[in-house]
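One file, final-v3.cif, is given below (mmCIF, C-alpha atoms).
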```cif
data_work
#
loop_
_atom_site.label_atom_id
_atom_site.label_comp_id
_atom_site.auth_asym_id
_atom_site.auth_seq_id
_atom_site.Cartn_x
_atom_site.Cartn_y
_atom_site.Cartn_z
CA MET A 17 21.45 -25.91 1.47
CA ASN A 18 21.77 -22.97 -0.87
CA GLU A 19 18.28 -21.73 -1.62
CA GLU A 20 19.29 -18.70 -3.60
CA PRO A 21 18.92 -20.20 -7.11
CA PHE A 22 15.51 -21.46 -6.09
CA LEU A 23 14.47 -18.03 -4.81
CA ASP A 24 15.70 -16.54 -8.09
CA GLU A 25 13.40 -18.93 -9.92
CA LEU A 26 10.51 -17.96 -7.66
CA ARG A 27 11.12 -14.26 -8.27
CA ALA A 28 11.22 -14.86 -12.01
CA ALA A 29 7.99 -16.90 -11.93
CA PHE A 30 6.07 -14.22 -10.03
CA GLN A 31 7.57 -11.54 -12.25
CA ARG A 32 6.12 -13.36 -15.26
CA MET A 33 2.74 -14.01 -13.65
CA ASP A 34 2.06 -10.67 -12.00
CA PRO A 35 4.68 -7.99 -12.75
CA VAL A 36 4.52 -4.52 -11.25
CA PRO A 37 3.10 -2.41 -14.11
CA ASP A 38 5.48 0.15 -15.59
CA ASP A 39 3.17 3.05 -14.80
CA VAL A 40 3.19 2.07 -11.10
CA LEU A 41 7.01 2.09 -11.10
CA ALA A 42 7.07 5.41 -12.97
CA ALA A 43 4.64 6.99 -10.48
CA GLY A 44 6.82 5.78 -7.61
CA ARG A 45 9.96 7.23 -9.17
CA SER A 46 8.29 10.61 -9.58
CA ALA A 47 6.92 10.64 -6.01
CA LEU A 48 10.02 12.42 -4.71
CA SER A 49 8.88 15.61 -6.45
CA TRP A 50 6.01 15.91 -3.93
CA ARG A 51 8.30 16.92 -1.08
CA GLU A 52 7.21 19.93 0.98
CA PRO A 53 10.24 20.25 3.23
CA SER A 54 9.21 23.55 4.78
CA ALA A 55 5.74 22.38 5.84
CA ASP A 56 4.84 20.68 9.12
CA LEU A 57 3.43 17.21 8.54
CA ALA A 58 -0.02 16.54 10.04
CA GLU A 59 -0.26 12.77 10.40
CA LEU A 60 -3.46 10.80 10.13
CA THR A 61 -4.30 9.83 13.70
CA ASP A 62 -7.93 8.76 13.45
CA GLU A 63 -10.22 7.54 10.78
CA SER A 64 -13.80 6.44 11.10
CA GLU A 65 -16.67 5.80 8.79
CA ARG A 66 -20.36 6.32 9.23
CA GLU A 67 -23.01 4.81 7.04
CA LEU A 68 -25.82 7.21 6.25
CA ALA A 69 -29.14 5.84 7.46
CA GLY A 70 -30.91 4.03 4.67
CA VAL A 71 -28.06 4.48 2.21
CA ARG A 72 -26.02 1.49 1.15
CA GLY A 73 -22.55 1.02 -0.13
CA SER A 74 -19.98 3.75 -0.40
CA SER A 75 -22.29 6.65 0.38
CA GLY A 76 -21.12 6.86 3.96
CA LEU A 77 -19.03 9.63 5.42
CA ARG A 78 -15.35 9.26 6.18
CA LEU A 79 -14.11 11.28 9.09
CA LEU A 80 -10.37 11.86 9.28
CA THR A 81 -8.26 13.59 11.91
CA PHE A 82 -4.71 14.76 11.17
CA ARG A 83 -2.40 16.09 13.85
CA ALA A 84 0.74 18.18 13.58
CA PRO A 85 2.59 19.80 16.50
CA GLY A 86 0.29 22.71 17.36
CA HIS A 87 -2.38 22.04 14.73
CA THR A 88 -5.28 19.66 14.17
CA VAL A 89 -7.16 19.18 10.90
CA GLU A 90 -10.50 17.43 10.86
CA VAL A 91 -11.93 16.46 7.48
CA GLU A 92 -15.22 14.92 6.48
CA ILE A 93 -15.41 13.27 3.07
CA SER A 94 -18.82 12.83 1.51
CA GLY A 95 -20.38 12.16 -1.85
CA VAL A 96 -20.60 9.33 -4.31
CA GLY A 97 -19.00 8.47 -7.60
CA SER A 98 -15.90 10.18 -8.82
CA GLU A 99 -16.62 13.60 -7.34
CA LEU A 100 -16.43 14.04 -3.63
CA ALA A 101 -16.63 16.92 -1.18
CA MET A 102 -14.18 17.61 1.64
CA THR A 103 -15.49 19.70 4.51
CA GLY A 104 -13.09 20.48 7.27
CA ARG A 105 -11.82 22.52 10.13
CA LEU A 106 -8.37 23.69 11.08
CA ALA A 107 -7.67 24.11 14.79
CA PRO A 108 -6.70 26.37 16.46
CA ALA A 109 -9.08 28.37 14.28
CA THR A 110 -7.35 30.61 11.76
CA VAL A 111 -7.80 31.82 8.23
CA ALA A 112 -5.60 29.97 5.77
CA ASP A 113 -5.11 29.27 2.09
CA VAL A 114 -5.97 25.66 1.42
CA ARG A 115 -4.61 23.68 -1.52
CA LEU A 116 -5.58 20.15 -2.47
CA ARG A 117 -2.75 18.15 -4.05
CA HIS A 118 -3.63 15.29 -6.39
CA PRO A 119 -1.14 13.54 -8.68
CA HIS A 120 -3.55 13.30 -11.61
CA ALA A 121 -5.76 16.35 -11.36
CA VAL A 122 -5.59 20.12 -11.39
CA GLU A 123 -4.83 21.56 -7.99
CA LEU A 124 -7.97 22.77 -6.17
CA SER A 125 -7.90 25.62 -3.70
CA ALA A 126 -10.13 27.13 -1.05
CA ARG A 127 -9.95 29.57 1.84
CA ALA A 128 -10.40 28.61 5.47
CA ASP A 129 -12.54 31.23 7.27
CA GLU A 130 -11.77 32.79 10.67
CA ARG A 131 -13.30 29.75 12.37
CA GLY A 132 -10.86 27.58 10.39
CA ARG A 133 -13.63 26.04 8.28
CA PHE A 134 -13.18 25.16 4.64
CA VAL A 135 -14.98 23.27 1.86
CA LEU A 136 -13.58 21.70 -1.30
CA THR A 137 -15.98 20.35 -3.89
CA ASP A 138 -15.58 18.28 -7.05
CA VAL A 139 -12.67 16.47 -5.47
CA PRO A 140 -11.59 13.58 -7.73
CA LYS A 141 -10.94 10.11 -6.37
CA GLY A 142 -7.38 9.02 -5.83
CA LEU A 143 -4.53 10.10 -3.60
CA VAL A 144 -4.90 13.53 -2.05
CA SER A 145 -3.13 15.74 0.47
CA LEU A 146 -4.07 19.19 1.82
CA VAL A 147 -1.65 22.06 2.27
CA PHE A 148 -2.56 24.97 4.58
CA CYS A 149 -0.65 28.21 4.38
CA LEU A 150 -1.22 30.25 7.51
CA PRO A 151 -1.06 34.04 8.01
CA ASP A 152 2.36 33.75 9.70
CA ALA A 153 3.67 32.19 6.42
CA SER A 154 4.09 28.74 7.99
CA CYS A 155 2.51 25.76 6.24
CA VAL A 156 0.91 22.54 7.42
CA VAL A 157 0.56 19.56 5.07
CA THR A 158 -1.64 16.54 5.72
CA SER A 159 -0.48 13.01 5.16
CA TRP A 160 -1.52 11.49 1.80
CA ILE A 161 -4.80 9.58 1.85
CA LEU A 162 -6.58 7.52 -0.73
CA LEU A 163 -10.12 8.62 -1.57
CA MET B 21 -17.61 15.80 13.83
CA ALA B 22 -16.94 14.31 17.24
CA GLY B 23 -19.32 12.36 19.45
CA GLU B 24 -20.25 9.66 16.94
CA PRO B 25 -19.38 6.09 17.77
CA GLN B 26 -16.26 5.32 15.81
CA LYS B 27 -16.18 2.33 13.56
CA GLY B 28 -13.34 0.95 11.58
CA VAL B 29 -10.61 3.02 13.18
CA VAL B 30 -7.44 2.67 11.16
CA PRO B 31 -4.95 0.60 13.14
CA ARG B 32 -2.04 2.69 14.36
CA PRO B 33 1.41 1.33 15.14
CA ARG B 34 0.89 -0.86 18.16
CA ALA B 35 2.98 -0.94 21.27
CA ASP B 36 3.39 -4.66 20.75
CA GLU B 37 4.85 -4.14 17.29
CA GLU B 38 8.18 -4.38 19.06
CA ARG B 39 7.63 -8.09 19.34
CA TYR B 40 7.57 -8.36 15.56
CA ALA B 41 10.94 -6.70 15.28
CA PRO B 42 13.90 -8.77 16.32
CA ARG B 43 16.68 -6.83 17.95
CA GLU B 44 19.14 -7.84 15.31
CA ASP B 45 17.43 -8.28 12.02
CA VAL B 46 18.43 -11.27 9.90
CA HIS B 47 19.09 -10.29 6.34
CA LEU B 48 17.98 -12.71 3.69
CA PRO B 49 20.35 -13.64 0.91
CA ARG B 50 19.73 -11.82 -2.34
CA GLY B 51 20.76 -12.74 -5.83
CA ALA B 52 21.64 -9.15 -6.56
CA ASP B 53 25.09 -7.67 -6.84
CA PRO B 54 26.67 -7.76 -3.36
CA SER B 55 28.18 -4.35 -3.94
CA GLU B 56 24.76 -2.79 -4.24
CA VAL B 57 24.09 0.16 -2.01
CA GLU B 58 21.86 -0.75 0.91
CA SER B 59 18.42 0.84 1.13
CA GLY B 60 19.12 3.03 4.16
CA GLU B 61 21.92 4.69 2.23
CA LEU B 62 19.61 5.20 -0.78
CA VAL B 63 17.15 6.96 1.54
CA ARG B 64 19.94 9.23 2.82
CA ARG B 65 20.97 10.08 -0.74
CA ALA B 66 17.37 10.68 -1.85
CA ARG B 67 16.98 13.07 1.06
CA LEU B 68 19.85 15.09 -0.38
CA GLY B 69 17.96 15.29 -3.66
CA ASP B 70 19.49 12.29 -5.47
CA GLY B 71 16.67 11.25 -7.79
CA ALA B 72 18.62 8.25 -9.12
CA ALA B 73 18.99 6.86 -5.59
CA TRP B 74 15.26 7.30 -5.06
CA GLY B 75 14.59 5.49 -8.34
CA LEU B 76 16.75 2.55 -7.22
CA LEU B 77 14.87 2.41 -3.92
CA VAL B 78 11.53 2.35 -5.77
CA ASP B 79 12.64 -0.35 -8.23
CA ARG B 80 14.03 -2.49 -5.42
CA HIS B 81 11.06 -2.39 -3.05
CA ALA B 82 8.03 -1.90 -5.33
CA PRO B 83 7.68 -5.66 -6.12
CA LEU B 84 7.20 -6.54 -2.44
CA LEU B 85 4.73 -3.67 -1.90
CA TRP B 86 2.79 -4.78 -4.98
CA ALA B 87 2.77 -8.38 -3.67
CA ILE B 88 1.47 -7.19 -0.29
CA ALA B 89 -1.43 -5.35 -1.96
CA ARG B 90 -2.18 -8.40 -4.12
CA SER B 91 -2.27 -10.67 -1.08
CA CYS B 92 -5.29 -8.67 0.11
CA GLY B 93 -7.18 -9.47 -3.10
CA LEU B 94 -6.95 -6.00 -4.65
CA ASP B 95 -7.14 -5.40 -8.40
CA ASP B 96 -4.46 -3.65 -10.48
CA ALA B 97 -5.74 -0.10 -9.92
CA ASP B 98 -6.06 -0.57 -6.15
CA CYS B 99 -2.65 -2.27 -5.89
CA GLY B 100 -1.14 0.69 -7.74
CA ASP B 101 -2.79 3.13 -5.33
CA VAL B 102 -1.54 1.20 -2.29
CA VAL B 103 2.03 1.17 -3.61
CA GLN B 104 1.90 4.87 -4.44
CA THR B 105 0.47 5.69 -1.00
CA ALA B 106 3.49 4.00 0.58
CA TRP B 107 5.91 6.05 -1.56
CA LEU B 108 4.16 9.37 -0.94
CA ARG B 109 4.00 8.65 2.81
CA LEU B 110 7.74 8.05 2.73
CA VAL B 111 8.37 11.26 0.78
CA GLU B 112 6.34 13.34 3.24
CA ARG B 113 8.59 12.25 6.13
CA ILE B 114 11.86 11.72 4.32
CA ASP B 115 13.37 14.84 5.88
CA THR B 116 12.63 13.72 9.44
CA ILE B 117 13.36 9.98 9.33
CA GLN B 118 15.63 9.06 12.20
CA ASP B 119 16.56 5.56 11.10
CA PRO B 120 16.83 5.19 7.31
CA GLN B 121 17.76 1.50 7.76
CA ALA B 122 14.26 0.83 9.06
CA VAL B 123 12.61 2.17 5.89
CA PRO B 124 12.09 -1.21 4.10
CA HIS B 125 10.25 -2.57 7.15
CA TRP B 126 8.27 0.67 7.48
CA LEU B 127 7.25 0.52 3.80
CA ALA B 128 5.97 -3.05 4.22
CA VAL B 129 3.99 -2.12 7.35
CA THR B 130 2.51 0.93 5.61
CA ALA B 131 1.53 -0.97 2.44
CA ARG B 132 0.01 -3.80 4.46
CA ARG B 133 -2.07 -1.40 6.59
CA GLU B 134 -3.30 0.55 3.55
CA ALA B 135 -4.11 -2.63 1.61
CA VAL B 136 -6.10 -4.12 4.49
CA ALA B 137 -8.04 -0.86 4.96
CA LEU B 138 -8.77 -0.57 1.23
CA ALA B 139 -9.83 -4.23 0.96
CA ARG B 140 -12.21 -3.64 3.86
CA ARG B 141 -13.71 -0.59 2.15
CA ARG B 142 -14.03 -2.47 -1.12
CA GLY B 143 -15.71 -5.31 0.78
CA ARG B 144 -18.31 -2.88 2.09
CA GLU B 145 -18.89 -1.43 -1.35
CA ALA B 146 -19.51 -4.88 -2.81
CA PRO B 147 -20.98 -6.83 0.09
CA ALA B 148 -21.80 -9.80 -2.15
CA ASP B 149 -18.11 -10.82 -2.15
CA PRO B 150 -17.48 -12.62 1.10
CA LEU B 151 -13.88 -13.63 0.37
CA CYS B 152 -10.76 -11.56 0.46
CA PHE B 153 -8.14 -14.08 -0.56
CA THR B 154 -8.82 -15.31 -4.06
CA ASP B 155 -6.78 -16.65 -6.90
CA VAL B 156 -5.60 -13.36 -8.29
CA ILE B 157 -2.21 -14.59 -9.42
CA GLY B 158 -2.60 -15.61 -13.01
CA GLY B 159 -5.89 -13.77 -12.99
CA ARG B 160 -8.03 -16.78 -13.60
CA PRO B 161 -10.48 -18.68 -11.46
CA ARG B 162 -9.52 -22.19 -10.49
CA SER B 163 -13.05 -23.45 -10.89
CA PRO B 164 -14.73 -23.52 -14.29
CA MET B 165 -17.31 -21.10 -12.87
CA VAL B 166 -16.36 -17.92 -14.67
CA GLY B 167 -17.37 -14.55 -13.30
CA GLY B 168 -18.59 -15.86 -9.98
CA GLY B 169 -15.46 -17.67 -8.89
CA ASP B 170 -12.88 -15.02 -9.58
CA LEU B 171 -13.54 -12.38 -7.00
CA GLY B 172 -10.22 -10.62 -6.96
CA VAL B 173 -9.56 -9.65 -10.55
CA ARG B 174 -12.25 -9.88 -13.14
CA ARG B 175 -10.94 -11.03 -16.46
CA PRO B 176 -12.62 -12.74 -19.36
CA ALA B 177 -12.79 -16.51 -19.52
CA CYS B 178 -9.94 -18.17 -21.37
CA SER B 179 -10.00 -20.85 -24.01
CA PRO B 180 -8.00 -24.10 -23.66
CA GLU B 181 -5.46 -22.69 -26.14
CA GLU B 182 -5.06 -19.54 -24.10
CA ALA B 183 -4.73 -21.62 -20.95
CA ALA B 184 -1.99 -23.70 -22.55
CA LEU B 185 -0.20 -20.56 -23.67
CA ALA B 186 -0.48 -19.07 -20.20
CA ARG B 187 1.00 -22.28 -18.76
CA GLU B 188 3.91 -22.04 -21.13
CA GLN B 189 4.49 -18.44 -20.17
CA VAL B 190 4.50 -18.96 -16.40
CA GLY B 191 6.70 -22.03 -16.71
CA ARG B 192 7.05 -25.07 -14.54
CA VAL B 193 7.54 -23.19 -11.26
CA GLY B 194 4.63 -20.90 -12.05
CA GLU B 195 2.36 -23.85 -12.68
CA ALA B 196 3.38 -25.47 -9.40
CA LEU B 197 2.91 -22.18 -7.52
CA ARG B 198 -0.61 -21.76 -8.82
CA ALA B 199 -1.58 -25.14 -7.43
CA LEU B 200 -0.55 -24.13 -3.90
CA PRO B 201 -2.93 -22.69 -1.32
CA ARG B 202 -3.16 -18.93 -1.63
CA ARG B 203 -1.45 -18.29 1.69
CA CYS B 204 1.58 -20.34 0.55
CA GLN B 205 1.74 -18.47 -2.76
CA ASP B 206 1.84 -15.20 -0.84
CA LEU B 207 4.44 -16.45 1.60
CA LEU B 208 6.79 -17.78 -1.08
CA ARG B 209 6.40 -14.66 -3.18
CA MET B 210 7.23 -12.40 -0.26
CA LEU B 211 10.03 -14.71 0.87
CA ALA B 212 11.63 -14.31 -2.55
CA LEU B 213 11.23 -10.52 -2.46
CA ALA B 214 11.84 -9.46 1.15
CA THR B 215 15.34 -8.38 2.10
CA SER B 216 15.02 -9.35 5.77
CA TYR B 217 12.88 -11.50 8.06
CA ASN B 218 11.70 -8.36 9.75
CA GLU B 219 10.37 -7.02 6.43
CA LEU B 220 8.89 -10.43 5.57
CA ALA B 221 7.08 -10.59 8.91
CA ALA B 222 5.59 -7.14 8.29
CA ALA B 223 4.54 -8.08 4.74
CA LEU B 224 2.75 -11.20 5.94
CA ASP B 225 1.59 -9.70 9.23
CA LEU B 226 3.01 -12.68 11.09
CA PRO B 227 5.28 -12.71 14.14
CA VAL B 228 8.90 -13.31 13.11
CA GLY B 229 8.93 -16.45 15.24
CA SER B 230 6.24 -18.23 13.28
CA ILE B 231 7.70 -17.61 9.83
CA GLY B 232 10.29 -20.39 9.90
CA SER B 233 7.77 -23.24 10.13
CA ALA B 234 5.33 -21.69 7.64
CA ARG B 235 8.17 -21.17 5.22
CA ALA B 236 9.41 -24.76 5.55
CA ARG B 237 5.87 -26.08 5.04
CA CYS B 238 5.26 -24.01 1.90
CA LEU B 239 8.65 -24.80 0.40
CA ALA B 240 8.04 -28.54 0.98
CA HIS B 241 4.61 -28.16 -0.60
CA LEU B 242 6.13 -26.53 -3.68
CA ARG B 243 8.93 -29.10 -3.99
CA ARG B 244 6.38 -31.92 -3.86
CA ARG B 245 4.44 -30.22 -6.62
CA LEU B 246 7.54 -29.78 -8.72
CA ALA B 247 8.50 -33.43 -8.22
CA THR B 248 5.23 -34.76 -9.61
#
```

Can you dump the structure from the file as structure tokens?
Amino acid sequence: MNEEPFLDELRAAFQRMDPVPDDVLAAGRSALSWREPSADLAELTDESERELAGVRGSSGLRLLTFRAPGHTVEVEISGVGSELAMTGRLAPATVADVRLRHPHAVELSARADERGRFVLTDVPKGLVSLVFCLPDASCVVTSWILL
Amino acid sequence: MAGEPQKGVVPRPRADEERYAPREDVHLPRGADPSEVESGELVRRARLGDGAAWGLLVDRHAPLLWAIARSCGLDDADCGDVVQTAWLRLVERIDTIQDPQAVPHWLAVTARREAVALARRRGREAPADPLCFTDVIGGRPRSPMVGGGDLGVRRPACSPEEAALAREQVGRVGEALRALPRRCQDLLRMLALATSYNELAAALDLPVGSIGSARARCLAHLRRRLAT
């Protein structure tokens, strides 16, 4: 039995009921401009959450670990509402310029100290990725995460 | 940061994921132009900087990724974030992908994982909502209880006239689909959108082997509805 016309009808029905919004398609089409081909990708390898004692809801901490060949980035996300803080550590410890990428906000920057520690505040919700530029001119970029 | 008991660890690709991937993937028939460039080739072209190829890839696969996010009960904003996460995760590794053919399956796995994690976080933020799968398609609660019954997408109540108009807009098939159990709606939607069984299995998070019977059951369900 040829099901194809029936599947066409199904596709059309769902397209009418719940289409992908145009802005979602447009964002996807522009995603290619976020390539950082010269940076090493640090992939998200662990994520955990911790509720703060006595605090309900979304006020917990998110702890994320990203790993690239030769580098580890640990990040703690805290705060409530639309403005969050990211506190983290780059290992092995080194100074670095840190940039926070966000599709809908101004780029934030910070400096990792000689112990590799850095803090970013007033981080908006949404998709974010960190880029570290190291003293040897190499860069490490973390996988995109949704805050 | 270490030493704390870890809760809610994000699931990583499992060793047993192999079992979900048949050795030779079965490609589902598509209504589209048979001469269309296959997705692996679009990935290769996008890697060389071909923005048009990337755009085609996005337009082709976004509907399934959106459907995956919806199936987890997420609202428009969260569905959009899940879909965009999948695209950005593909962009960040586009230069190192070994097997561009596997990208559609990888996108479905990635969207599914992100949607499940986000639905879980949302569930914790609003612990009063015990359900994940709700009648999001059409955006209206099935029960007359407005506000309390529609947990996925909150929209205002609709008048009988609006309901009639909505029925007209979704058509006969849409009406029949809405009357199906949520799981069947999801399955049929993804069946119509997926380009292979492998991708469909990832979208539904079902083993490939169990899709055939579920698919037959849901199609029979829908045909019965359409016959009445």

For the PyMOL selection byres ((chain A and resi 95) around 10), applied here, can you spell out every residue it catches as a list in words?
Ser74, Ser75, Gly76, Leu77, Arg78, Ile93, Ser94, Val96, Gly97, Ser98, Glu99, Leu100, Ala101, Met102, Thr137, Asp138 and Val139 of chain A

Any idea what the distance is between atom CA of B:Arg245 and atom CA of B:Arg132?
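According to the coordinates, atom CA of B:Arg245 and atom CA of B:Arg132 are separated by 29.0 Å.
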
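Those residues that approach A:Leu150 to within 12 Å, counting only C-alpha atoms, are Ala55, Asp56, His87, Leu106, Ala107, Pro108, Ala109, Thr110, Val111, Ala112, Asp113, Val114, Arg115, Arg127, Ala128, Asp129, Glu130, Gly132, Cys155, Val156 and Val157 of chain A; same-chain residues fewer than 5 positions away are not listed.
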
Starting from the PyMOL selection byres ((chain A) within 7 of (chain B)), expand the selection into actual residues of this file and give them as an NGL selection string.
:A and (20 or 23-24 or 26-27 or 29-30 or 32-34 or 36 or 40-41 or 43-45 or 47-48 or 51 or 53 or 62-65 or 73-74 or 159-160)

Record the distance separating atom CA of B:Ser91 and atom CA of A:Ala121, expressed in Å with one decimal.
29.1 Å

Evaluated on this file, the PyMOL selection byres ((chain A and resi 123) around 12) picks out some residues - which ones are they, written as an MDAnalysis selection string?
chainID A and resid 114:122 124:126 136:140 144:147

Tell me, in Å to one decimal, how far atom CA of B:Arg203 is from atom CA of B:Leu94.
14.9 Å

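For the set B:Gly93, B:Val63, B:Ala139, B:Ala240, the residue with the smallest atom-to-atom gap to B:Ile117 is B:Val63, counting all atoms listed in the file.
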
Residue with smallest distance to B:Gly232 - pool B:Ala199, B:Tyr217, B:Pro180, B:Leu246, counting only C-alpha atoms:
B:Tyr217

Top pick for closest residue to A:Ala84, considering A:Leu163, A:Trp50, A:Cys149, A:Leu57 and counting only C-alpha atoms
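Among A:Leu163, A:Trp50, A:Cys149, A:Leu57, it is A:Leu57 that comes nearest to A:Ala84.
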